[in-house]
$ cat start_14.txt   # compact mmCIF, C-alpha atoms
# COMPACT_ATOMS: atom_id res chain seq x y z
CA MET A 1 53.47 140.65 133.93
CA PRO A 2 54.14 137.07 132.70
CA THR A 3 52.99 136.15 129.22
CA ARG A 4 49.91 133.97 129.20
CA ALA A 5 50.36 130.67 127.36
CA TYR A 6 48.58 130.45 124.03
CA TRP A 7 48.51 126.66 124.34
CA SER A 8 49.85 123.98 126.70
CA GLY A 9 50.32 120.35 125.80
CA ARG A 10 52.92 117.94 124.46
CA ILE A 11 55.14 117.64 121.40
CA ARG A 12 55.38 113.99 120.42
CA LEU A 13 58.15 112.45 118.34
CA ALA A 14 57.36 108.75 118.00
CA LEU A 15 57.48 107.50 121.63
CA VAL A 16 59.12 110.69 122.97
CA SER A 17 56.67 113.10 124.62
CA ILE A 18 57.77 116.62 125.62
CA PRO A 19 55.52 118.78 127.87
CA VAL A 20 55.64 122.35 126.56
CA GLU A 21 53.99 125.74 126.66
CA VAL A 22 53.43 127.83 123.53
CA LEU A 23 53.75 131.59 124.04
CA PRO A 24 52.96 134.44 121.61
CA ALA A 25 56.08 135.80 119.88
CA THR A 26 54.41 139.04 118.82
CA LYS A 27 52.54 141.82 120.61
CA SER A 28 49.88 144.24 119.47
CA THR A 29 50.24 146.84 122.24
CA SER A 30 52.39 149.07 120.02
CA ARG A 31 49.53 149.43 117.53
CA ILE A 32 46.89 152.13 117.84
CA SER A 33 43.23 151.10 117.89
CA PHE A 34 40.28 153.48 117.78
CA ASN A 35 36.82 153.33 119.34
CA GLN A 36 33.68 154.72 117.76
CA ILE A 37 32.47 157.76 119.71
CA HIS A 38 29.15 159.64 119.69
CA GLU A 39 30.50 163.15 118.92
CA PRO A 40 27.72 165.25 120.53
CA THR A 41 28.08 163.50 123.93
CA GLY A 42 31.66 162.16 123.71
CA LYS A 43 30.47 158.73 124.85
CA ARG A 44 31.57 155.41 123.38
CA ILE A 45 29.14 153.63 121.06
CA ARG A 46 28.04 150.18 122.28
CA TYR A 47 26.46 147.45 120.21
CA GLU A 48 23.50 145.38 121.31
CA LYS A 49 22.87 141.85 120.07
CA VAL A 50 19.36 141.84 118.65
CA VAL A 51 17.09 139.46 116.79
CA PRO A 52 14.92 141.01 114.03
CA GLY A 53 11.34 141.14 115.30
CA VAL A 54 12.41 140.17 118.82
CA GLY A 55 14.82 142.88 119.95
CA PRO A 56 17.80 142.63 122.38
CA VAL A 57 18.60 139.14 123.68
CA GLU A 58 20.50 137.78 126.69
CA ALA A 59 23.98 136.24 126.24
CA SER A 60 22.70 132.97 127.78
CA GLU A 61 20.28 132.60 124.85
CA ILE A 62 23.00 132.74 122.21
CA VAL A 63 24.56 129.59 120.68
CA LYS A 64 26.79 129.03 117.65
CA GLY A 65 25.18 128.10 114.36
CA TYR A 66 26.48 126.91 111.00
CA GLU A 67 24.43 127.97 107.96
CA VAL A 68 23.74 124.89 105.81
CA GLU A 69 21.39 126.76 103.47
CA LYS A 70 19.77 130.19 103.34
CA ASN A 71 18.43 131.03 106.84
CA LYS A 72 18.77 127.41 108.00
CA TYR A 73 21.36 126.67 110.70
CA VAL A 74 22.74 123.69 112.58
CA LEU A 75 23.04 124.82 116.21
CA LEU A 76 26.01 123.85 118.39
CA THR A 77 26.73 124.62 122.04
CA ASP A 78 30.23 125.39 123.38
CA GLU A 79 30.14 122.12 125.30
CA GLU A 80 29.43 120.12 122.14
CA ILE A 81 32.29 121.81 120.32
CA ASN A 82 34.69 121.28 123.24
CA ASP A 83 33.74 117.60 123.41
CA VAL A 84 35.01 116.95 119.87
CA LYS A 85 37.78 114.42 120.50
CA LEU A 86 40.96 115.24 118.61
CA GLU A 87 44.47 114.34 119.68
CA ALA A 88 45.71 117.60 118.12
CA LYS A 89 43.89 119.50 120.89
CA LYS A 90 46.35 118.27 123.51
CA SER A 91 49.45 117.23 121.57
CA ILE A 92 51.45 118.05 118.45
CA ASP A 93 52.59 114.92 116.65
CA LEU A 94 55.65 115.61 114.51
CA THR A 95 54.79 113.38 111.57
CA GLN A 96 56.97 114.90 108.87
CA PHE A 97 60.30 116.73 108.55
CA VAL A 98 61.30 119.01 105.67
CA ASP A 99 64.29 121.15 104.69
CA GLU A 100 64.50 124.65 106.17
CA ASP A 101 63.69 126.32 102.82
CA ALA A 102 61.06 123.81 101.65
CA ILE A 103 57.97 125.77 102.75
CA ASP A 104 56.65 128.57 100.54
CA ALA A 105 56.46 131.88 102.43
CA VAL A 106 52.76 132.29 101.54
CA TYR A 107 51.87 129.46 103.96
CA PHE A 108 53.34 131.09 107.09
CA ASP A 109 50.88 132.75 109.45
CA ARG A 110 51.92 133.53 113.07
CA PRO A 111 55.08 132.88 115.14
CA PHE A 112 55.13 131.50 118.70
CA TYR A 113 57.86 130.61 121.19
CA ILE A 114 57.93 127.10 122.64
CA VAL A 115 59.35 126.56 126.12
CA PRO A 116 59.60 123.34 128.18
CA SER A 117 56.97 122.94 130.88
CA GLU A 118 58.23 123.86 134.34
CA GLU A 119 55.94 121.26 135.89
CA ASP A 120 57.93 118.33 134.45
CA GLU A 121 61.58 117.91 135.51
CA ASP A 122 62.46 115.81 132.45
CA ALA A 123 60.89 118.21 129.94
CA ALA A 124 63.99 120.41 129.51
CA GLU A 125 66.28 117.51 128.57
CA ALA A 126 63.94 116.12 125.90
CA TYR A 127 63.33 119.67 124.64
CA ILE A 128 67.08 120.29 124.17
CA VAL A 129 67.51 116.93 122.41
CA LEU A 130 64.79 117.88 119.88
CA ARG A 131 66.26 121.37 119.38
CA ASP A 132 69.79 120.10 118.76
CA ALA A 133 68.62 117.30 116.45
CA LEU A 134 66.69 119.80 114.31
CA LYS A 135 69.74 122.08 114.20
CA LYS A 136 72.11 119.35 113.08
CA THR A 137 69.77 117.91 110.45
CA LYS A 138 68.68 121.42 109.29
CA LYS A 139 65.09 120.26 109.26
CA ILE A 140 61.71 121.66 110.30
CA GLY A 141 59.19 119.43 112.08
CA LEU A 142 55.57 119.51 110.89
CA GLY A 143 52.44 118.61 112.84
CA GLN A 144 48.90 119.80 113.53
CA LEU A 145 47.37 121.79 116.36
CA VAL A 146 43.81 122.64 117.40
CA VAL A 147 43.39 125.67 119.65
CA ARG A 148 40.52 128.06 120.30
CA GLY A 149 38.27 126.33 117.83
CA GLN A 150 40.72 126.47 114.94
CA GLY A 151 43.02 123.86 113.45
CA SER A 152 46.40 124.67 111.91
CA ILE A 153 49.45 123.01 110.47
CA VAL A 154 52.45 123.95 112.60
CA ALA A 155 56.15 124.11 111.76
CA ILE A 156 58.65 123.74 114.60
CA LYS A 157 62.28 124.78 114.16
CA PRO A 158 65.31 125.83 116.23
CA TYR A 159 65.44 129.48 117.22
CA GLY A 160 68.45 130.64 119.19
CA LYS A 161 68.54 128.68 122.44
CA GLY A 162 64.95 127.49 122.01
CA LEU A 163 62.26 126.42 119.57
CA LEU A 164 59.97 128.51 117.38
CA MET A 165 56.55 127.35 116.20
CA GLU A 166 54.86 128.96 113.22
CA THR A 167 51.26 128.27 112.30
CA LEU A 168 50.77 127.47 108.62
CA ARG A 169 47.75 127.82 106.39
CA TYR A 170 46.15 124.75 104.82
CA ALA A 171 46.42 124.28 101.04
CA ASP A 172 42.72 125.13 100.50
CA GLU A 173 43.24 128.50 102.24
CA ILE A 174 45.74 129.67 99.62
CA LYS A 175 44.44 131.33 96.47
CA LYS A 176 45.96 130.41 93.14
CA ALA A 177 48.54 132.91 91.91
CA ASP A 178 46.61 133.44 88.67
CA VAL A 179 46.63 137.20 89.35
CA PHE A 180 50.06 137.13 87.68
CA ASP A 181 48.78 135.47 84.49
CA GLU A 182 48.07 138.78 82.75
CA LEU A 183 51.47 140.29 83.47
CA PRO A 184 53.40 141.05 80.25
CA SER A 185 55.99 138.42 79.30
CA LYS A 186 58.20 140.84 77.35
CA LYS A 187 61.97 140.85 77.79
CA VAL A 188 63.54 143.91 79.35
CA ASP A 189 66.83 145.60 78.58
CA ALA A 190 69.72 143.64 80.15
CA ASP A 191 71.37 146.92 81.17
CA LEU A 192 68.31 147.80 83.25
CA VAL A 193 68.50 144.47 85.10
CA SER A 194 72.24 144.92 85.58
CA LEU A 195 71.73 148.36 87.14
CA ALA A 196 68.96 147.00 89.36
CA GLU A 197 71.30 144.19 90.50
CA GLU A 198 73.99 146.76 91.29
CA LEU A 199 71.52 148.81 93.32
CA ILE A 200 70.41 145.70 95.28
CA GLU A 201 74.02 144.72 96.01
CA LYS A 202 74.74 148.29 97.13
CA LYS A 203 71.93 148.15 99.67
CA ALA A 204 72.48 144.51 100.72
CA GLY A 205 73.23 143.63 104.33
CA GLY A 206 72.01 141.77 107.38
CA PHE A 207 68.41 142.02 108.56
CA GLN A 208 68.19 144.80 111.18
CA PRO A 209 64.49 145.25 112.07
CA GLU A 210 65.29 147.92 114.67
CA LYS A 211 66.24 150.28 111.82
CA PHE A 212 62.66 150.24 110.53
CA LYS A 213 60.54 152.72 112.49
CA ASP A 214 56.74 152.85 112.44
CA THR A 215 56.60 156.54 111.62
CA TYR A 216 52.85 156.42 110.86
CA THR A 217 52.00 155.15 114.37
CA ALA A 218 54.44 157.67 115.87
CA ALA A 219 52.72 160.47 113.94
CA LEU A 220 49.29 159.28 115.14
CA ARG A 221 50.50 159.18 118.77
CA GLU A 222 51.90 162.70 118.41
CA LEU A 223 48.59 163.91 116.92
CA ILE A 224 46.64 162.36 119.82
CA LYS A 225 48.99 163.85 122.41
CA ALA A 226 48.92 167.28 120.73
CA LYS A 227 45.12 167.33 120.69
CA GLU A 228 45.05 166.27 124.34
CA GLU A 229 47.50 169.08 125.23
CA LYS A 230 45.76 171.54 122.87
CA ARG A 231 48.84 172.39 120.83
CA PRO A 232 49.93 171.96 117.18
CA PRO A 233 51.43 168.52 116.48
CA ARG A 234 55.18 168.30 115.94
CA GLU A 235 56.43 166.85 112.67
CA ILE A 236 57.75 163.30 112.80
CA GLU A 237 61.13 162.87 111.11
CA GLU A 238 61.00 160.54 108.13
CA ALA A 239 62.83 159.87 104.88
CA PRO A 240 62.45 162.69 102.30
CA PRO A 241 59.97 162.01 99.48
CA VAL A 242 61.41 160.47 96.33
CA SER A 243 61.09 162.52 93.15
CA ASN A 244 59.02 160.97 90.38
CA VAL A 245 61.55 160.05 87.67
CA ILE A 246 59.79 158.89 84.54
CA ASN A 247 62.80 157.43 82.71
CA LEU A 248 63.65 154.03 84.25
CA MET A 249 67.26 153.96 83.04
CA ASP A 250 67.82 157.48 84.34
CA ALA A 251 66.25 156.58 87.71
CA LEU A 252 68.42 153.47 88.11
CA LYS A 253 71.59 155.33 87.16
CA ARG A 254 70.87 158.05 89.69
CA SER A 255 70.08 155.42 92.34
CA VAL A 256 73.48 153.70 91.95
CA GLY A 257 75.27 157.07 91.77
CA LYS A 258 76.16 157.01 88.09
CA GLY A 259 74.43 160.23 87.15
CA GLY A 260 71.92 160.11 84.33
CA GLY A 261 69.95 162.66 82.37
CA ALA A 262 71.05 166.23 83.04
CA ALA A 263 73.39 165.02 85.78
CA ALA A 264 75.62 163.34 83.14
CA LYS A 265 76.34 166.67 81.35
CA PRO A 266 79.35 168.78 82.42
CA SER A 267 78.18 171.50 84.77
CA ALA A 268 79.26 175.13 84.89
CA GLY A 269 81.67 174.14 87.66
CA GLY A 270 83.22 171.34 85.56
CA SER A 271 86.83 170.88 84.42
CA LYS A 272 86.57 173.54 81.68
CA ALA A 273 85.39 176.14 84.15
CA LYS A 274 88.48 175.58 86.26
CA GLU A 275 90.93 176.60 83.47
CA PRO A 276 90.38 180.38 83.80
CA ALA A 277 90.91 180.06 87.53
CA ARG A 278 94.26 178.33 86.92
CA LYS A 279 95.31 181.11 84.51
CA SER A 280 94.38 183.84 86.96
CA ALA A 281 96.28 181.99 89.69
CA SER A 282 99.44 181.86 87.51
CA LYS A 283 99.10 185.59 86.75
CA THR A 284 98.92 186.35 90.46
CA LYS A 285 102.07 184.28 91.11
CA SER A 286 103.99 186.10 88.34
CA ALA A 287 102.81 189.47 89.64
CA LYS A 288 104.02 188.61 93.13
CA SER A 289 107.42 187.46 91.85
CA SER A 290 107.91 190.64 89.72
CA GLY A 291 106.98 192.75 92.75
CA LYS A 292 109.67 191.04 94.83
CA ALA A 293 112.26 191.63 92.07
CA ALA A 294 111.45 195.35 91.99
CA LYS A 295 111.89 195.67 95.79
CA THR A 296 115.26 193.87 95.61
CA ALA A 297 116.46 196.22 92.85
CA LYS A 298 115.50 199.32 94.91
CA LYS A 299 117.42 198.06 97.95
CA ALA A 300 120.53 197.42 95.83
CA SER A 301 120.46 200.95 94.33
CA ARG A 302 120.20 202.51 97.83
CA ARG A 303 123.28 200.58 98.99
CA LYS A 304 125.31 201.86 96.01
CA ALA A 305 124.18 205.43 96.70
CA ALA A 306 125.31 205.10 100.32
$ encode --input "start_14.txt" --output "structure tokens"
Amino acid sequence: MPTRAYWSGRIRLALVSIPVEVLPATKSTSRISFNQIHEPTGKRIRYEKVVPGVGPVEASEIVKGYEVEKNKYVLLTDEEINDVKLEAKKSIDLTQFVDEDAIDAVYFDRPFYIVPSEEDEDAAEAYIVLRDALKKTKKIGLGQLVVRGQGSIVAIKPYGKGLLMETLRYADEIKKADVFDELPSKKVDADLVSLAEELIEKKAGGFQPEKFKDTYTAALRELIKAKEEKRPPREIEEAPPVSNVINLMDALKRSVGKGGGAAAKPSAGGSKAKEPARKSASKTKSAKSSGKAAKTAKKASRRKAA
């Protein structure tokens, strides 16, 4: 089934206009969602739209309202909202370009794929020109978009053979990071940081999202299937639980494979324990050699007797 376009319009760069379609880059079908069920009957719970003192109302009687003060609303119809004239509803003007790493991660919201419109023969050429220019300059194009009654800043950048658009939050949507103000400003042991760096380097590598499995969703699916088949659920394989190590230095040392705590002490199977084994081995060798000498002496005496 083809993916339905999230938005269709044009990307504009000065006098260049590129017809495009914006498609969702993510899917929610892998997630599990629950319905509320009336347990005695097993039927799904439905919600009615009601007005206090009036009761249930028809959908045709419902309009959108913005509360300007307590219990006082400005009413708007869908037609009035749709008639708001904004260029951002039908085109994305790239008005600014920034470096690839210039945008703080907290601003990013949702990713989308951009493809050239199939209805315009010249769209693909202009699309490729924009993609290659962004690649060579290592820049991200910024513009604004209005879709489904919501406005967003958008960032457009090269992505493989195509273009990726990410919606960004506006500055007034981001809370101040003052939650960190009360964190202690004390200095920590440099050895602790060094061990942490070593652990990070040990686990460093390329991003491989396929290695991360949603074990919680898998366990929920197994539980649902087991209940449907009236059997006990099978256990889902996951990483073993980590022991709670109180001493930070000890925990870091163990993590990088340098021992720590009791692990640093020589064990019963250490180098000292091997010495008696060596002695017993040498005794066995000498016993074997003396046994051979005795046999040789017996053979020689028999020859003389003959």
$ residues_around --input "start_14.txt" --residues "segment 157-172 of chain A" --least-positions-apart "2" --cutoff "9 Å" --atoms "all atoms listed in the file" --output "VMD selection string"
chain A and resid 22 25 100 106 to 115 127 to 128 130 to 132 134 to 135 138 to 141 144 to 145 152 to 155 174 to 175
$ atom_distance --input "start_14.txt" --atom1 "atom CA of Arg148 of chain A" --atom2 "atom CA of Glu21 of chain A"
15.1 Å
$ atom_distance --input "start_14.txt" --atom1 "atom CA of Val84 of chain A" --atom2 "atom CA of Leu15 of chain A"
24.4 Å
$ closest_residue --input "start_14.txt" --among "A:Glu173, A:Lys187, A:Thr217, A:Asp99" --to "Thr137 of chain A" --atoms "only C-alpha atoms"
A:Asp99
$ atom_distance --input "start_14.txt" --atom1 "atom CA of Lys64 of chain A" --atom2 "atom CA of Lys27 of chain A"
28.9 Å
$ closest_residue --input "start_14.txt" --among "A:Ser255, A:Val63, A:Asp178, A:Ile236" --to "Leu76 of chain A" --atoms "only C-alpha atoms"
A:Val63
$ residues_around --input "start_14.txt" --residues "Arg10 of chain A" --least-positions-apart "4" --cutoff "9 Å" --atoms "all atoms listed in the file" --output "ChimeraX atom specification"
/A:17-21,90-93
$ residues_around --input "start_14.txt" --residues "Lys49 of chain A" --least-positions-apart "6" --cutoff "9 Å" --atoms "only C-alpha atoms" --output "list in words"
Gly55, Pro56, Val57, Glu58 and Ala59 of chain A
$ closest_residue --input "start_14.txt" --among "A:Asn82, A:Ser117, A:Gly9, A:Val256" --to "Leu192 of chain A" --atoms "all atoms listed in the file"
A:Val256
$ closest_residue --input "start_14.txt" --among "A:Ile32, A:Leu142, A:Ala14, A:Leu248" --to "Val188 of chain A" --atoms "only C-alpha atoms"
A:Leu248
$ axis_aligned_box --input "start_14.txt" --around "segment 32-50 of chain A" --padding-each-side "5 Å" --output "JSON"
{"center_x": 33.1, "center_y": 153.5, "center_z": 121.3, "size_x": 37.5, "size_y": 33.4, "size_z": 17.1}
$ decode --input "start_14.txt" --residues "segment 99-158 of chain A" --atoms "C-alpha atoms" --output "mmCIF file, in the first residue's frame"
data_model
loop_
_atom_site.group_PDB
_atom_site.id
_atom_site.type_symbol
_atom_site.label_atom_id
_atom_site.label_comp_id
_atom_site.auth_asym_id
_atom_site.auth_seq_id
_atom_site.Cartn_x
_atom_site.Cartn_y
_atom_site.Cartn_z
ATOM 1 C CA ASP A 99 25.840 24.411 9.392
ATOM 2 C CA GLU A 100 24.913 20.749 9.849
ATOM 3 C CA ASP A 101 25.659 20.826 13.597
ATOM 4 C CA ALA A 102 24.246 24.293 14.317
ATOM 5 C CA ILE A 103 20.814 23.181 15.579
ATOM 6 C CA ASP A 104 20.447 22.014 19.181
ATOM 7 C CA ALA A 105 18.983 18.492 19.375
ATOM 8 C CA VAL A 106 16.173 19.675 21.687
ATOM 9 C CA TYR A 107 14.538 21.513 18.754
ATOM 10 C CA PHE A 108 14.099 18.442 16.518
ATOM 11 C CA ASP A 109 10.630 16.908 16.413
ATOM 12 C CA ARG A 110 9.666 14.533 13.546
ATOM 13 C CA PRO A 111 11.452 13.294 10.393
ATOM 14 C CA PHE A 112 9.908 13.134 6.902
ATOM 15 C CA TYR A 113 11.149 12.075 3.467
ATOM 16 C CA ILE A 114 10.890 14.554 0.602
ATOM 17 C CA VAL A 115 10.473 13.254 -2.947
ATOM 18 C CA PRO A 116 10.035 15.190 -6.212
ATOM 19 C CA SER A 117 6.484 15.378 -7.523
ATOM 20 C CA GLU A 118 5.776 12.864 -10.285
ATOM 21 C CA GLU A 119 3.327 15.282 -11.884
ATOM 22 C CA ASP A 120 6.071 17.716 -12.936
ATOM 23 C CA GLU A 121 8.760 16.498 -15.370
ATOM 24 C CA ASP A 122 11.255 19.188 -14.322
ATOM 25 C CA ALA A 123 10.856 18.561 -10.582
ATOM 26 C CA ALA A 124 13.507 15.812 -10.363
ATOM 27 C CA GLU A 125 16.274 17.936 -11.909
ATOM 28 C CA ALA A 126 15.706 20.905 -9.580
ATOM 29 C CA TYR A 127 15.404 18.493 -6.645
ATOM 30 C CA ILE A 128 18.814 16.920 -7.409
ATOM 31 C CA VAL A 129 20.410 20.357 -7.819
ATOM 32 C CA LEU A 130 19.200 21.366 -4.323
ATOM 33 C CA ARG A 131 20.326 18.049 -2.804
ATOM 34 C CA ASP A 132 23.822 18.235 -4.288
ATOM 35 C CA ALA A 133 24.256 21.913 -3.377
ATOM 36 C CA LEU A 134 23.357 21.178 0.255
ATOM 37 C CA LYS A 135 25.795 18.257 0.280
ATOM 38 C CA LYS A 136 28.693 20.271 -1.068
ATOM 39 C CA THR A 137 28.122 23.271 1.196
ATOM 40 C CA LYS A 138 27.357 21.017 4.225
ATOM 41 C CA LYS A 139 24.396 23.208 5.065
ATOM 42 C CA ILE A 140 20.806 22.694 6.221
ATOM 43 C CA GLY A 141 18.004 24.781 4.704
ATOM 44 C CA LEU A 142 15.444 26.332 7.067
ATOM 45 C CA GLY A 143 11.886 27.396 6.290
ATOM 46 C CA GLN A 144 8.353 27.253 7.688
ATOM 47 C CA LEU A 145 5.425 24.960 7.016
ATOM 48 C CA VAL A 146 1.742 24.984 7.974
ATOM 49 C CA VAL A 147 -0.060 21.647 7.827
ATOM 50 C CA ARG A 148 -3.129 20.258 9.584
ATOM 51 C CA GLY A 149 -3.671 23.420 11.546
ATOM 52 C CA GLN A 150 -0.155 23.590 12.948
ATOM 53 C CA GLY A 151 2.857 25.671 11.970
ATOM 54 C CA SER A 152 6.441 24.444 12.279
ATOM 55 C CA ILE A 153 9.970 25.446 11.441
ATOM 56 C CA VAL A 154 11.418 22.848 9.066
ATOM 57 C CA ALA A 155 15.012 21.827 8.393
ATOM 58 C CA ILE A 156 15.826 20.265 5.017
ATOM 59 C CA LYS A 157 19.057 18.345 4.479
ATOM 60 C CA PRO A 158 20.557 15.678 2.197
#
